[in-house]
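Colleague: Input entry-v9.pdb, format and content: PDB, C-alpha atoms.
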```pdb
ATOM      1  CA  MET D   5       0.000   0.000   0.000
ATOM      2  CA  LYS D   6       1.156   3.549  -0.754
ATOM      3  CA  THR D   7       1.582   4.818   2.812
ATOM      4  CA  GLY D   8       1.646   8.348   4.182
ATOM      5  CA  VAL D   9       2.517   9.507   7.691
ATOM      6  CA  ILE D  10       1.001  12.574   9.360
ATOM      7  CA  GLY D  11       2.925  13.642  12.476
ATOM      8  CA  LEU D  12       6.687  13.177  12.625
ATOM      9  CA  GLY D  13       7.560  13.452  16.289
ATOM     10  CA  ALA D  14       9.709  10.856  18.051
ATOM     11  CA  MET D  15       7.178   8.109  17.322
ATOM     12  CA  GLY D  16       5.971   9.180  13.891
ATOM     13  CA  ALA D  17       9.448   9.718  12.458
ATOM     14  CA  GLY D  18      10.540   6.262  13.591
ATOM     15  CA  MET D  19       7.479   4.675  12.026
ATOM     16  CA  ALA D  20       7.977   6.604   8.777
ATOM     17  CA  ASN D  21      11.562   5.389   8.515
ATOM     18  CA  ASN D  22      10.451   1.791   8.932
ATOM     19  CA  PHE D  23       7.776   2.171   6.282
ATOM     20  CA  HIS D  24      10.555   3.505   4.054
ATOM     21  CA  LYS D  25      12.731   0.461   4.788
ATOM     22  CA  ALA D  26       9.771  -1.720   3.805
ATOM     23  CA  GLY D  27       9.496   0.150   0.507
ATOM     24  CA  ILE D  28       5.998   1.532   1.051
ATOM     25  CA  LEU D  29       6.492   5.082   2.386
ATOM     26  CA  HIS D  30       5.031   7.415  -0.223
ATOM     27  CA  ALA D  31       4.380  10.755   1.509
ATOM     28  CA  VAL D  32       4.906  12.685   4.764
ATOM     29  CA  TRP D  33       3.452  15.768   6.414
ATOM     30  CA  ASN D  34       4.212  17.501   9.692
ATOM     31  CA  ARG D  35       2.969  20.742  11.201
ATOM     32  CA  THR D  36       6.606  21.837  11.565
ATOM     33  CA  GLN D  37       7.587  21.494   7.932
ATOM     34  CA  SER D  38      11.334  21.390   8.594
ATOM     35  CA  LYS D  39      10.954  17.924  10.137
ATOM     36  CA  ALA D  40       8.985  16.658   7.161
ATOM     37  CA  LYS D  41      11.448  18.189   4.708
ATOM     38  CA  ALA D  42      14.412  16.503   6.391
ATOM     39  CA  LEU D  43      12.707  13.108   6.410
ATOM     40  CA  ALA D  44      11.526  13.496   2.800
ATOM     41  CA  GLU D  45      15.065  14.288   1.680
ATOM     42  CA  GLN D  46      16.378  11.295   3.615
ATOM     43  CA  THR D  47      13.817   8.809   2.283
ATOM     44  CA  GLY D  48      12.761  10.214  -1.072
ATOM     45  CA  ALA D  49       9.147  10.416   0.099
ATOM     46  CA  LEU D  50       6.834  13.085  -1.248
ATOM     47  CA  LEU D  51       6.883  16.211   0.933
ATOM     48  CA  CYS D  52       3.243  17.237   1.220
ATOM     49  CA  GLU D  53       2.115  20.788   1.818
ATOM     50  CA  SER D  54      -1.036  19.715   3.654
ATOM     51  CA  PRO D  55      -2.775  16.683   5.180
ATOM     52  CA  GLU D  56      -5.279  16.972   2.350
ATOM     53  CA  GLN D  57      -2.543  16.501  -0.265
ATOM     54  CA  LEU D  58      -1.189  13.466   1.557
ATOM     55  CA  SER D  59      -4.671  12.006   1.887
ATOM     56  CA  ALA D  60      -5.282  12.257  -1.849
ATOM     57  CA  GLU D  61      -1.965  10.525  -2.593
ATOM     58  CA  CYS D  62      -2.111   7.497  -0.266
ATOM     59  CA  GLU D  63      -4.031   4.290   0.299
ATOM     60  CA  LEU D  64      -2.887   3.881   3.912
ATOM     61  CA  ILE D  65      -2.709   7.007   6.060
ATOM     62  CA  ILE D  66      -0.995   6.879   9.447
ATOM     63  CA  ILE D  67      -1.761   9.604  12.001
ATOM     64  CA  CYS D  68       0.534  10.110  14.990
ATOM     65  CA  VAL D  69      -0.247  13.301  16.900
ATOM     66  CA  SER D  70      -0.619  14.255  20.544
ATOM     67  CA  ARG D  71      -4.163  15.153  21.523
ATOM     68  CA  ASP D  72      -7.816  14.359  20.822
ATOM     69  CA  GLU D  73      -8.422  17.745  19.220
ATOM     70  CA  ASP D  74      -5.356  17.259  17.001
ATOM     71  CA  VAL D  75      -6.605  13.868  15.831
ATOM     72  CA  LEU D  76     -10.049  15.227  14.968
ATOM     73  CA  GLU D  77      -8.503  18.199  13.149
ATOM     74  CA  MET D  78      -6.377  15.844  11.039
ATOM     75  CA  ILE D  79      -9.338  13.534  10.407
ATOM     76  CA  GLU D  80     -11.435  16.437   9.113
ATOM     77  CA  LYS D  81      -8.639  17.497   6.760
ATOM     78  CA  VAL D  82      -7.960  13.941   5.589
ATOM     79  CA  ALA D  83     -11.665  13.261   5.037
ATOM     80  CA  SER D  84     -11.987  16.273   2.747
ATOM     81  CA  ALA D  85      -9.665  14.671   0.182
ATOM     82  CA  VAL D  86      -9.486  10.992   1.027
ATOM     83  CA  VAL D  87      -9.748   8.420  -1.745
ATOM     84  CA  GLU D  88     -12.675   6.017  -1.380
ATOM     85  CA  ASN D  89     -11.773   2.690   0.294
ATOM     86  CA  SER D  90      -8.541   4.084   1.756
ATOM     87  CA  THR D  91      -7.665   3.198   5.342
ATOM     88  CA  VAL D  92      -6.733   5.693   8.057
ATOM     89  CA  VAL D  93      -4.840   4.299  11.040
ATOM     90  CA  ASP D  94      -4.567   6.484  14.123
ATOM     91  CA  THR D  95      -1.634   5.496  16.340
ATOM     92  CA  SER D  96      -2.144   8.410  18.743
ATOM     93  CA  THR D  97      -3.375   7.945  22.310
ATOM     94  CA  VAL D  98      -6.830   9.500  22.626
ATOM     95  CA  SER D  99     -10.229   8.589  24.050
ATOM     96  CA  SER D 100     -12.474   5.860  22.688
ATOM     97  CA  ALA D 101     -15.080   8.535  21.968
ATOM     98  CA  THR D 102     -12.628  10.391  19.731
ATOM     99  CA  ALA D 103     -11.925   7.165  17.827
ATOM    100  CA  GLU D 104     -15.634   6.616  17.285
ATOM    101  CA  SER D 105     -16.071  10.191  16.018
ATOM    102  CA  ALA D 106     -13.148   9.777  13.625
ATOM    103  CA  ALA D 107     -14.599   6.548  12.234
ATOM    104  CA  ALA D 108     -17.976   8.196  11.640
ATOM    105  CA  ILE D 109     -16.418  11.143   9.775
ATOM    106  CA  LEU D 110     -14.430   8.886   7.454
ATOM    107  CA  LYS D 111     -17.307   6.489   6.874
ATOM    108  CA  GLU D 112     -19.272   9.335   5.291
ATOM    109  CA  ARG D 113     -16.485   9.617   2.687
ATOM    110  CA  GLY D 114     -16.289   5.882   2.014
ATOM    111  CA  ALA D 115     -12.994   5.455   3.886
ATOM    112  CA  HIS D 116     -12.083   3.100   6.725
ATOM    113  CA  PHE D 117     -10.713   3.885  10.184
ATOM    114  CA  LEU D 118      -8.714   1.832  12.670
ATOM    115  CA  ASP D 119      -7.766   3.062  16.132
ATOM    116  CA  CYS D 120      -4.357   1.494  16.649
ATOM    117  CA  PRO D 121      -2.450   3.013  19.568
ATOM    118  CA  VAL D 122       0.997   1.556  20.129
ATOM    119  CA  SER D 123       3.303   0.749  23.009
ATOM    120  CA  GLY D 124       7.056   0.300  23.079
ATOM    121  CA  GLY D 125       8.392   3.816  23.387
ATOM    122  CA  SER D 126      10.531   5.757  20.958
ATOM    123  CA  GLU D 127      12.910   2.784  20.878
ATOM    124  CA  GLY D 128      10.127   0.578  19.563
ATOM    125  CA  ALA D 129       9.240   3.152  16.909
ATOM    126  CA  VAL D 130      12.851   3.323  15.727
ATOM    127  CA  ASN D 131      13.368  -0.446  15.793
ATOM    128  CA  GLY D 132       9.988  -1.395  14.304
ATOM    129  CA  THR D 133       9.043  -3.411  17.390
ATOM    130  CA  LEU D 134       5.910  -1.657  18.587
ATOM    131  CA  ALA D 135       2.960  -3.513  20.105
ATOM    132  CA  MET D 136      -0.234  -2.392  18.358
ATOM    133  CA  MET D 137      -3.696  -2.567  19.927
ATOM    134  CA  ALA D 138      -6.260  -2.372  17.144
ATOM    135  CA  GLY D 139      -9.902  -1.376  17.213
ATOM    136  CA  GLY D 140     -12.183  -1.481  14.173
ATOM    137  CA  ASP D 141     -13.212  -3.890  11.431
ATOM    138  CA  ALA D 142     -11.100  -7.055  11.556
ATOM    139  CA  GLU D 143     -11.196  -7.449   7.773
ATOM    140  CA  ILE D 144      -9.868  -3.925   7.249
ATOM    141  CA  LEU D 145      -7.102  -4.613   9.754
ATOM    142  CA  ASP D 146      -6.173  -7.800   7.919
ATOM    143  CA  ARG D 147      -5.946  -5.846   4.682
ATOM    144  CA  ALA D 148      -3.535  -3.355   6.271
ATOM    145  CA  ARG D 149      -1.639  -5.864   8.399
ATOM    146  CA  SER D 150       1.196  -6.600   5.961
ATOM    147  CA  SER D 151       1.987  -2.881   5.797
ATOM    148  CA  LEU D 152       1.669  -2.364   9.555
ATOM    149  CA  ASP D 153       4.079  -5.263  10.106
ATOM    150  CA  ALA D 154       6.826  -2.808   9.094
ATOM    151  CA  ILE D 155       6.453  -0.931  12.393
ATOM    152  CA  THR D 156       5.341  -3.644  14.820
ATOM    153  CA  LYS D 157       6.380  -6.860  16.481
ATOM    154  CA  SER D 158       2.762  -7.686  17.319
ATOM    155  CA  ILE D 159      -0.694  -6.569  16.218
ATOM    156  CA  VAL D 160      -3.698  -7.672  18.253
ATOM    157  CA  HIS D 161      -7.267  -6.976  17.182
ATOM    158  CA  ILE D 162      -9.012  -5.987  20.409
ATOM    159  CA  GLY D 163     -12.540  -5.398  19.120
ATOM    160  CA  PRO D 164     -14.754  -2.732  17.514
ATOM    161  CA  THR D 165     -13.809   0.915  17.055
ATOM    162  CA  GLY D 166     -12.646   2.440  20.334
ATOM    163  CA  SER D 167     -11.410  -0.868  21.743
ATOM    164  CA  GLY D 168      -7.820  -0.139  20.786
ATOM    165  CA  GLN D 169      -7.875   3.113  22.748
ATOM    166  CA  ALA D 170      -9.494   1.443  25.755
ATOM    167  CA  CYS D 171      -6.723  -1.154  25.697
ATOM    168  CA  LYS D 172      -4.106   1.607  25.479
ATOM    169  CA  ALA D 173      -5.644   3.145  28.601
ATOM    170  CA  VAL D 174      -4.966  -0.150  30.384
ATOM    171  CA  ASN D 175      -1.361   0.056  29.165
ATOM    172  CA  GLN D 176      -0.928   3.646  30.353
ATOM    173  CA  ILE D 177      -2.308   2.867  33.811
ATOM    174  CA  ILE D 178       0.133  -0.038  34.160
ATOM    175  CA  CYS D 179       3.007   2.188  33.018
ATOM    176  CA  ALA D 180       2.049   4.795  35.609
ATOM    177  CA  GLY D 181       2.386   2.213  38.369
ATOM    178  CA  LEU D 182       5.648   0.854  36.988
ATOM    179  CA  TYR D 183       7.354   4.242  36.798
ATOM    180  CA  GLU D 184       6.265   5.089  40.328
ATOM    181  CA  THR D 185       7.322   1.711  41.721
ATOM    182  CA  VAL D 186      10.675   1.485  39.932
ATOM    183  CA  ALA D 187      11.578   5.038  40.943
ATOM    184  CA  GLU D 188      10.641   4.372  44.562
ATOM    185  CA  ALA D 189      12.545   1.073  44.671
ATOM    186  CA  LEU D 190      15.706   2.536  43.119
ATOM    187  CA  ALA D 191      15.625   5.472  45.530
ATOM    188  CA  PHE D 192      15.363   2.950  48.368
ATOM    189  CA  GLY D 193      18.335   0.983  47.023
ATOM    190  CA  LYS D 194      20.482   4.102  46.683
ATOM    191  CA  ALA D 195      19.622   5.159  50.240
ATOM    192  CA  ALA D 196      20.700   1.702  51.422
ATOM    193  CA  GLY D 197      24.126   2.257  49.831
ATOM    194  CA  LEU D 198      23.795  -0.640  47.389
ATOM    195  CA  ASN D 199      25.686  -1.026  44.124
ATOM    196  CA  MET D 200      22.735  -0.155  41.916
ATOM    197  CA  GLU D 201      24.137  -1.630  38.703
ATOM    198  CA  LYS D 202      24.282  -5.001  40.442
ATOM    199  CA  VAL D 203      20.839  -4.471  41.939
ATOM    200  CA  VAL D 204      19.303  -3.780  38.525
ATOM    201  CA  GLU D 205      21.125  -6.771  37.032
ATOM    202  CA  VAL D 206      19.843  -9.263  39.567
ATOM    203  CA  VAL D 207      16.336  -7.838  39.947
ATOM    204  CA  SER D 208      15.875  -7.739  36.176
ATOM    205  CA  GLY D 209      16.358 -11.497  36.094
ATOM    206  CA  GLY D 210      13.619 -12.240  38.607
ATOM    207  CA  ALA D 211       9.937 -11.705  39.276
ATOM    208  CA  ALA D 212      10.293  -7.904  39.362
ATOM    209  CA  SER D 213      11.582  -7.695  35.785
ATOM    210  CA  ASN D 214       9.730  -5.116  33.674
ATOM    211  CA  TRP D 215      10.236  -2.757  30.711
ATOM    212  CA  VAL D 216      10.758   0.350  32.843
ATOM    213  CA  LEU D 217      13.458  -1.301  34.934
ATOM    214  CA  ASP D 218      15.197  -2.627  31.826
ATOM    215  CA  ASN D 219      14.984   0.554  29.754
ATOM    216  CA  ARG D 220      14.740   3.500  32.142
ATOM    217  CA  SER D 221      16.652   2.604  35.316
ATOM    218  CA  ASN D 222      19.816   4.057  33.796
ATOM    219  CA  PHE D 223      18.005   7.375  33.250
ATOM    220  CA  MET D 224      17.013   7.441  36.906
ATOM    221  CA  LEU D 225      20.358   6.382  38.337
ATOM    222  CA  ASN D 226      22.249   8.895  36.175
ATOM    223  CA  ASN D 227      19.692  11.633  36.833
ATOM    224  CA  ASN D 228      19.475  12.276  33.090
ATOM    225  CA  TYR D 229      16.113  12.205  31.323
ATOM    226  CA  PRO D 230      16.345  12.730  27.547
ATOM    227  CA  PRO D 231      12.914  13.082  25.922
ATOM    228  CA  GLY D 232      11.398   9.675  25.270
ATOM    229  CA  PHE D 233       7.847   9.693  26.563
ATOM    230  CA  ARG D 234       7.404  13.228  27.828
ATOM    231  CA  VAL D 235       5.888  13.975  31.228
ATOM    232  CA  HIS D 236       3.134  16.253  29.915
ATOM    233  CA  LEU D 237       2.038  13.650  27.359
ATOM    234  CA  HIS D 238       1.668  10.851  29.900
ATOM    235  CA  LEU D 239      -0.261  13.222  32.130
ATOM    236  CA  LYS D 240      -2.552  13.929  29.164
ATOM    237  CA  ASP D 241      -3.043  10.178  28.683
ATOM    238  CA  LEU D 242      -3.768   9.584  32.363
ATOM    239  CA  ASN D 243      -6.381  12.338  32.334
ATOM    240  CA  ILE D 244      -8.094  10.386  29.542
ATOM    241  CA  CYS D 245      -7.844   7.200  31.618
ATOM    242  CA  LYS D 246      -9.292   8.937  34.668
ATOM    243  CA  GLN D 247     -12.183  10.368  32.665
ATOM    244  CA  MET D 248     -12.974   6.972  31.147
ATOM    245  CA  ALA D 249     -12.765   5.339  34.581
ATOM    246  CA  THR D 250     -15.211   7.868  36.014
ATOM    247  CA  GLU D 251     -17.642   7.258  33.156
ATOM    248  CA  MET D 252     -17.434   3.489  33.672
ATOM    249  CA  GLY D 253     -17.829   3.679  37.450
ATOM    250  CA  VAL D 254     -14.309   2.510  38.370
ATOM    251  CA  LYS D 255     -13.939   3.844  41.905
ATOM    252  CA  ASP D 256     -10.329   3.363  42.987
ATOM    253  CA  MET D 257      -7.628   4.941  40.815
ATOM    254  CA  ARG D 258      -5.185   5.878  43.585
ATOM    255  CA  ILE D 259      -1.997   4.856  41.754
ATOM    256  CA  THR D 260      -3.038   6.727  38.627
ATOM    257  CA  GLU D 261      -3.986   9.785  40.676
ATOM    258  CA  GLN D 262      -0.649   9.716  42.550
ATOM    259  CA  THR D 263       1.246   9.589  39.273
ATOM    260  CA  MET D 264      -0.846  12.446  37.898
ATOM    261  CA  ASN D 265      -0.040  14.521  40.969
ATOM    262  CA  ASP D 266       3.672  13.740  40.626
ATOM    263  CA  TYR D 267       3.685  14.647  36.933
ATOM    264  CA  GLN D 268       1.999  17.956  37.724
ATOM    265  CA  LEU D 269       4.730  18.662  40.291
ATOM    266  CA  LEU D 270       7.376  17.963  37.655
ATOM    267  CA  ILE D 271       5.621  20.256  35.189
ATOM    268  CA  ASP D 272       5.406  22.978  37.821
ATOM    269  CA  GLN D 273       9.160  22.588  38.361
ATOM    270  CA  GLY D 274       9.889  22.986  34.644
ATOM    271  CA  PHE D 275      10.399  19.327  33.671
ATOM    272  CA  SER D 276       7.391  18.790  31.392
ATOM    273  CA  GLU D 277       9.554  17.890  28.354
ATOM    274  CA  GLU D 278      11.644  15.289  30.175
ATOM    275  CA  ASP D 279      11.093  11.560  29.960
ATOM    276  CA  VAL D 280       8.566  10.322  32.513
ATOM    277  CA  SER D 281      11.343   8.459  34.329
ATOM    278  CA  SER D 282      12.140  11.869  35.825
ATOM    279  CA  VAL D 283       9.512  11.006  38.458
ATOM    280  CA  PHE D 284      12.652   9.728  40.214
ATOM    281  CA  ARG D 285      13.436  13.380  40.975
ATOM    282  CA  LEU D 286      10.629  13.343  43.518
ATOM    283  CA  LYS D 287      11.698  10.233  45.418
TER
END
```
Let me see the structure of the file written as structure tokens.
Modeller:
Amino acid sequence: MKTGVIGLGAMGAGMANNFHKAGILHAVWNRTQSKAKALAEQTGALLCESPEQLSAECELIIICVSRDEDVLEMIEKVASAVVENSTVVDTSTVSSATAESAAAILKERGAHFLDCPVSGGSEGAVNGTLAMMAGGDAEILDRARSSLDAITKSIVHIGPTGSGQACKAVNQIICAGLYETVAEALAFGKAAGLNMEKVVEVVSGGAASNWVLDNRSNFMLNNNYPPGFRVHLHLKDLNICKQMATEMGVKDMRITEQTMNDYQLLIDQGFSEEDVSSVFRLK
């Protein structure tokens, strides 16, 4: 499929490069055009002047932006020029309601929509090893699967439209707890005067092994937090999770709420652009 990517941040750029390696990247667009220009020159992809131009050029359109309102803005633009029977895949993290609205808009133009948020961090985007949680028509997903294989290590169809985003909410809640717990445990180990490299080595081989410990403990122990998954973006995601939980009647979200409070403290201290592992600063 001729594939276009809208949104070339840390995640989108990595995905675009992997589509290029697979020989299917056709076009790119980004709000900051300098990013799109650099990637187009690197890959030979068409540099589009607008989402509408990209939409008219591609059969598979990947959206990777930050917020619900951004997704709906891009969907409106894409829908105005989309080719009938094209497929739009949103890899952003937004609410299930936003996914359902996007699907309805595209359906009116004869196009298909899949809500396919991903997990695996910027490393997964670069390495093409993302885990994709897909909501929407299973047959449409199967049609796009061979192309999406270029950016993923696994694709799981969760259910109808909105299911992918609900599953991503589960993922983000788990991540919130992991970052809090790993940061707290490493702070404890440092206070005990332990050799933390050895601690991480042995703990990573046991029951406490997890992605955050494996991939972010070095950030915490070196007190260096290069942008990976930014604090303000995870806070945005957790606000979505909290809203969905309230609507569904889930009563106890204490871990999520604690992480939200900690992220707000980091933002207030000027660390909103750091990786979320900077929660270690507060321990």
Colleague: Can you list what the PyMOL selection byres ((chain D and resi 99) around 8) grabs from this structure, as a list in words?
Modeller: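 When the PyMOL selection byres ((chain D and resi 99) around 8) is applied, the selected residues are Asp72, Thr97, Val98, Ser100, Ala101, Thr102, Ala103, Gly166, Gln169, Ala170, Ile244 and Met248 of chain D.
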Colleague: Quick check on the file I pasted: which residues fall under the PyMOL selection byres ((chain D and resi 14) around 8)? Write them as an NGL selection string.
Modeller: :D and (12-13 or 15-18 or 126 or 129 or 232)
Colleague: Hey, can you spit out that residue selection with C-alpha atoms as an mmCIF file, in the coordinates of the input?
Modeller:
```cif
data_model
loop_
_atom_site.group_PDB
_atom_site.id
_atom_site.type_symbol
_atom_site.label_atom_id
_atom_site.label_comp_id
_atom_site.auth_asym_id
_atom_site.auth_seq_id
_atom_site.Cartn_x
_atom_site.Cartn_y
_atom_site.Cartn_z
ATOM 1 C CA LEU D 12 6.687 13.177 12.625
ATOM 2 C CA GLY D 13 7.560 13.452 16.289
ATOM 3 C CA MET D 15 7.178 8.109 17.322
ATOM 4 C CA GLY D 16 5.971 9.180 13.891
ATOM 5 C CA ALA D 17 9.448 9.718 12.458
ATOM 6 C CA GLY D 18 10.540 6.262 13.591
ATOM 7 C CA SER D 126 10.531 5.757 20.958
ATOM 8 C CA ALA D 129 9.240 3.152 16.909
ATOM 9 C CA GLY D 232 11.398 9.675 25.270
#
```
Colleague: Apply the PyMOL selection byres ((chain D and resi 59) around 8) to the file shown and report the selected residues as an mmCIF file with C-alpha atoms, in the frame of the given file.
Modeller:
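Okay, result30.cif is ready:
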```cif
data_model
loop_
_atom_site.group_PDB
_atom_site.id
_atom_site.type_symbol
_atom_site.label_atom_id
_atom_site.label_comp_id
_atom_site.auth_asym_id
_atom_site.auth_seq_id
_atom_site.Cartn_x
_atom_site.Cartn_y
_atom_site.Cartn_z
ATOM 1 C CA GLY D 8 1.646 8.348 4.182
ATOM 2 C CA PRO D 55 -2.775 16.683 5.180
ATOM 3 C CA GLU D 56 -5.279 16.972 2.350
ATOM 4 C CA GLN D 57 -2.543 16.501 -0.265
ATOM 5 C CA LEU D 58 -1.189 13.466 1.557
ATOM 6 C CA ALA D 60 -5.282 12.257 -1.849
ATOM 7 C CA GLU D 61 -1.965 10.525 -2.593
ATOM 8 C CA CYS D 62 -2.111 7.497 -0.266
ATOM 9 C CA GLU D 63 -4.031 4.290 0.299
ATOM 10 C CA ILE D 65 -2.709 7.007 6.060
ATOM 11 C CA VAL D 82 -7.960 13.941 5.589
ATOM 12 C CA ALA D 83 -11.665 13.261 5.037
ATOM 13 C CA ALA D 85 -9.665 14.671 0.182
ATOM 14 C CA VAL D 86 -9.486 10.992 1.027
ATOM 15 C CA VAL D 87 -9.748 8.420 -1.745
#
```
Colleague: With a distance cut-off of 7 Å and all atoms listed in the file, select the neighbouring residues of range 178-189 of chain D, excluding the residue or stretch itself and same-chain residues fewer than 3 positions from it, and output the selection as number ranges by chain.
Modeller: D: 174-175, 192-193, 216-217, 259-260, 263, 281, 283-284, 287
Colleague: Excluding Tyr229 in chain D and any residue of its chain fewer than 3 positions from it, enumerate the residues within 7 Å of it, using all atoms listed in the file, and give them as a PyMOL selection string.
Modeller: chain D and resi 223+278-279+281-282
Colleague: D:Val160, D:Leu110, D:Arg285, D:His238: which is nearest Ile177 in chain D, counting only C-alpha atoms?
Modeller: D:His238
Colleague: Produce the centre coordinates and the three edge lengths, each in Å to one decimal, of the box along x, y and z that contains all listed atoms of range 168-181 of chain D with 8 Å added on each side, as JSON.
Modeller:
```
{"center_x": -3.2, "center_y": 1.8, "center_z": 29.6, "size_x": 28.5, "size_y": 21.9, "size_z": 33.6}
```
Colleague: Of the residues D:Glu53, D:Asp241, D:Asp74, D:Glu88, which is the one nearest to His116 in chain D, using all atoms listed in the file?
Modeller: D:Glu88
Colleague: For a quick check of understanding, using only C-alpha atoms, which of D:Leu269, D:Leu190, D:Ala173, D:Val204 has the smallest distance to Cys245 in chain D?
Modeller: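 Under the stated criterion, the closest residue is D:Ala173.
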Colleague: Any idea what the distance is between CA of Leu239 in chain D and CA of Asn226 in chain D?
Modeller: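 These atoms are spaced 23.3 Å apart.
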Colleague: What does the distance from CA of Asn219 in chain D to CA of Lys39 in chain D come to in Å, to one decimal?
Modeller: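 CA of Lys39 in chain D lies at a distance of 26.5 Å from CA of Asn219 in chain D.
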